[in-house]
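**Student:** Let me begin by handing over the structure; questions about it come next.
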Amino acid sequence: MATSKAAIFTSEAPAAIGPYSQAIHTGRMLFTSGQVALDPASGQMVDGGIEAQTHRVCRNLQAVLAASGYTFANVVKTTVYLKNMSDFAAMNAVYAEYFATKDAPAPARSTVEVARLPKDALVEIDIIAC
């Protein structure tokens with residue numbers, strides 16, 4: 001049985017830099033592509049370290065969620081990709097500002113260290129929401 005799916009796009013988050021959508025909505029589920037710390041206005045990586053990049057990533061995700069009618073309270077799973085696991089504590093402190101909401105329990109999460117990310121980003125996050 002085929003399920004309908006719709007691509008989500010918002011100018012408040014960076015445009016896809018390849019053959020993919022910012023997110024796909026199907027049924028009650030939303031699957032985002034990974035977001036890195038690209039400023040949607042300039043298309044450039046934000047200046048600063050892991051904290052600044054994590055804030056930009058979360059604001060990009062927040063924009064995609066909003067374009068879909070969702071909030072961080074709807075997020076059930078995240079995957080965090082870090083260039084350096086030594087950045088975990090700093091990333092986690094910023095992450096908690098967005099995902100530790102009073103409205104819902106924090107989502108399940110996986111965090112992995114990777115050799116390299118697009119645009120030499122320090123962090124990339126993707127989410128699943130419903």
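Just remember, in the structure tokens the first chain shown is A, the second B, etc., residues are 1-based per chain, and ligands are 1-based in the order shown.
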Name the residues of range 36-125 of chain A that come out as strand (DSSP E) in a backbone DSSP run; write them as number ranges by chain.
**Tutor:** A: 75-82, 108-113, 123-125
**Student:** Which residues are close to Met29 in chain A, i.e. within 9 Å by only C-alpha atoms, leaving aside same-chain residues fewer than 3 positions away? Reply as an MDAnalysis selection string.
**Tutor:** chainID A and resid 24:26 128:130
**Student:** Could you save the residues just selected, with N, CA and C atoms, as a CSV table (one decimal), in the first residue's frame?
**Tutor:**
```csv
chain,number,residue,atom,x,y,z
A,24,ILE,N,10.4,15.4,5.1
A,24,ILE,CA,9.3,14.7,4.5
A,24,ILE,C,8.3,14.4,5.5
A,25,HIS,N,7.1,14.8,5.2
A,25,HIS,CA,5.9,14.5,6.1
A,25,HIS,C,5.1,13.4,5.4
A,26,THR,N,4.8,12.4,6.2
A,26,THR,CA,4.0,11.2,5.8
A,26,THR,C,3.2,10.8,6.9
A,128,ILE,N,13.1,13.0,14.0
A,128,ILE,CA,11.9,12.4,13.7
A,128,ILE,C,10.8,12.9,14.7
A,129,ALA,N,9.7,13.4,14.1
A,129,ALA,CA,8.6,13.9,15.0
A,129,ALA,C,7.3,13.3,14.6
A,130,CYS,N,6.4,13.4,15.5
A,130,CYS,CA,5.0,12.9,15.2
A,130,CYS,C,4.0,13.7,16.1
```
**Student:** Write out as a list in words the residues lying within 9 Å of range 93-103 of chain A, counting only C-alpha atoms and excluding same-chain residues fewer than 4 positions away.
**Tutor:** Glu51, Ala52, Thr54, His55, Cys58, Arg59, Gln62, Phe72, Ala73, Val75, Phe88, Ala89 and Pro107 of chain A
**Student:** Could you tell me which of A:Asn60, A:Asn74, A:Ser86, A:Gln53 comes closest to Glu12 in chain A if we count only C-alpha atoms?
**Tutor:** A:Asn60
**Student:** Counting only C-alpha atoms, figure out which residue out of A:Ala66, A:Lys83, A:Ala115, A:Ala108 gets nearest to Val36 in chain A.
**Tutor:**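 Going through A:Ala66, A:Lys83, A:Ala115, A:Ala108 one by one, the smallest distance to Val36 in chain A is for A:Lys83.
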**Student:** Please measure the separation of CA of Lys5 in chain A and CA of Ala106 in chain A, giving the value in Å to one decimal.
**Tutor:** 26.2 Å
**Student:** Report as number ranges by chain all protein, DNA and RNA residues lying within 8 Å of Leu38 in chain A, evaluated on only C-alpha atoms, omitting residues in the same chain fewer than 5 positions from it.
**Tutor:** A: 14, 43-46, 56-57
**Student:** Give me, as JSON, numbers by chain, the residues of chain A that a backbone DSSP run labels helix (DSSP H, G or I).
**Tutor:** {"A": [50, 51, 52, 53, 54, 55, 56, 57, 58, 59, 60, 61, 62, 63, 64, 65, 66, 67, 72, 73, 74, 85, 86, 87, 88, 89, 90, 91, 92, 93, 94, 95, 96, 97, 98, 99, 118, 119, 120]}
**Student:** I need the chosen residues saved as a compact mmCIF listing (two decimals), in the first residue's frame, with N, CA and C atoms.
**Tutor:**
```txt
# COMPACT_ATOMS: atom_id res chain seq x y z
N ILE A 50 31.41 25.09 18.80
CA ILE A 50 30.33 24.11 18.88
C ILE A 50 29.04 24.71 19.43
N GLU A 51 29.13 25.62 20.40
CA GLU A 51 27.91 26.22 20.96
C GLU A 51 27.16 27.02 19.89
N ALA A 52 27.87 27.88 19.18
CA ALA A 52 27.23 28.70 18.14
C ALA A 52 26.66 27.82 17.04
N GLN A 53 27.40 26.79 16.65
CA GLN A 53 26.90 25.90 15.60
C GLN A 53 25.69 25.11 16.07
N THR A 54 25.68 24.64 17.31
CA THR A 54 24.53 23.88 17.81
C THR A 54 23.29 24.76 17.88
N HIS A 55 23.45 26.01 18.32
CA HIS A 55 22.30 26.94 18.32
C HIS A 55 21.75 27.10 16.91
N ARG A 56 22.61 27.31 15.92
CA ARG A 56 22.13 27.52 14.55
C ARG A 56 21.45 26.26 14.02
N VAL A 57 22.01 25.09 14.30
CA VAL A 57 21.39 23.84 13.88
C VAL A 57 20.00 23.72 14.48
N CYS A 58 19.87 24.00 15.76
CA CYS A 58 18.56 23.88 16.43
C CYS A 58 17.56 24.91 15.90
N ARG A 59 18.01 26.11 15.59
CA ARG A 59 17.11 27.11 15.00
C ARG A 59 16.68 26.67 13.60
N ASN A 60 17.58 26.06 12.84
CA ASN A 60 17.21 25.54 11.52
C ASN A 60 16.16 24.44 11.67
N LEU A 61 16.37 23.53 12.60
CA LEU A 61 15.40 22.46 12.83
C LEU A 61 14.07 23.03 13.31
N GLN A 62 14.12 24.03 14.17
CA GLN A 62 12.90 24.67 14.67
C GLN A 62 12.09 25.26 13.51
N ALA A 63 12.76 25.84 12.55
CA ALA A 63 12.08 26.42 11.38
C ALA A 63 11.42 25.34 10.54
N VAL A 64 12.09 24.23 10.35
CA VAL A 64 11.51 23.12 9.58
C VAL A 64 10.32 22.53 10.33
N LEU A 65 10.47 22.37 11.63
CA LEU A 65 9.35 21.89 12.44
C LEU A 65 8.15 22.83 12.31
N ALA A 66 8.38 24.12 12.45
CA ALA A 66 7.28 25.10 12.38
C ALA A 66 6.60 25.07 11.02
N ALA A 67 7.37 24.92 9.96
CA ALA A 67 6.79 24.86 8.62
C ALA A 67 5.90 23.64 8.45
N PHE A 72 9.32 21.36 19.05
CA PHE A 72 10.26 20.42 19.66
C PHE A 72 9.54 19.41 20.55
N ALA A 73 8.38 19.76 21.08
CA ALA A 73 7.61 18.83 21.91
C ALA A 73 7.15 17.61 21.12
N ASN A 74 7.08 17.71 19.79
CA ASN A 74 6.66 16.59 18.93
C ASN A 74 7.80 15.65 18.56
N MET A 85 33.96 14.06 19.65
CA MET A 85 33.18 13.71 20.83
C MET A 85 33.58 14.54 22.04
N SER A 86 34.73 15.20 22.00
CA SER A 86 35.12 16.11 23.08
C SER A 86 34.16 17.29 23.18
N ASP A 87 33.40 17.56 22.11
CA ASP A 87 32.42 18.65 22.11
C ASP A 87 31.07 18.24 22.70
N PHE A 88 30.95 16.99 23.17
CA PHE A 88 29.66 16.47 23.61
C PHE A 88 29.02 17.33 24.70
N ALA A 89 29.74 17.64 25.76
CA ALA A 89 29.16 18.38 26.88
C ALA A 89 28.66 19.76 26.45
N ALA A 90 29.44 20.47 25.65
CA ALA A 90 29.04 21.80 25.19
C ALA A 90 27.84 21.71 24.26
N MET A 91 27.85 20.73 23.35
CA MET A 91 26.70 20.54 22.47
C MET A 91 25.47 20.18 23.29
N ASN A 92 25.63 19.30 24.26
CA ASN A 92 24.52 18.81 25.07
C ASN A 92 23.86 19.94 25.86
N ALA A 93 24.65 20.87 26.35
CA ALA A 93 24.10 22.00 27.12
C ALA A 93 23.20 22.86 26.23
N VAL A 94 23.62 23.12 25.01
CA VAL A 94 22.80 23.90 24.07
C VAL A 94 21.59 23.08 23.64
N TYR A 95 21.80 21.82 23.29
CA TYR A 95 20.73 20.91 22.87
C TYR A 95 19.60 20.91 23.91
N ALA A 96 19.96 20.86 25.19
CA ALA A 96 18.96 20.81 26.26
C ALA A 96 18.06 22.05 26.27
N GLU A 97 18.57 23.19 25.83
CA GLU A 97 17.76 24.40 25.77
C GLU A 97 16.59 24.26 24.81
N TYR A 98 16.71 23.40 23.81
CA TYR A 98 15.69 23.23 22.79
C TYR A 98 14.85 21.98 22.99
N PHE A 99 15.47 20.90 23.43
CA PHE A 99 14.78 19.61 23.46
C PHE A 99 14.27 19.19 24.84
N PRO A 118 29.32 17.71 6.23
CA PRO A 118 29.23 18.67 5.14
C PRO A 118 29.69 20.06 5.58
N LYS A 119 30.38 20.74 4.68
CA LYS A 119 30.88 22.11 4.92
C LYS A 119 31.82 22.18 6.13
N ASP A 120 32.40 21.04 6.51
CA ASP A 120 33.29 20.95 7.67
C ASP A 120 32.62 21.39 8.97
```
**Student:** Could you check how far CA of Ser21 in chain A sits from CA of Ile8 in chain A, in Å to one decimal?
**Tutor:** 6.7 Å
**Student:** Separation of CA of Phe31 in chain A and CA of Tyr81 in chain A, in Å?
**Tutor:** 16.1 Å
**Student:** Counting only C-alpha atoms, what is within 8 Å of Ser33 in chain A, bar same-chain residues fewer than 6 positions away, as a tab-separated table (two decimals) with C-alpha atoms, in the first residue's frame?
**Tutor:**
```
chain	number	residue	atom	x	y	z
A	20	TYR	CA	17.01	15.89	-0.93
A	21	SER	CA	14.21	17.69	0.93
A	22	GLN	CA	14.51	19.65	4.17
A	23	ALA	CA	11.94	17.21	5.53
A	126	ASP	CA	18.34	15.15	12.23
A	127	ILE	CA	15.00	14.46	13.87
```
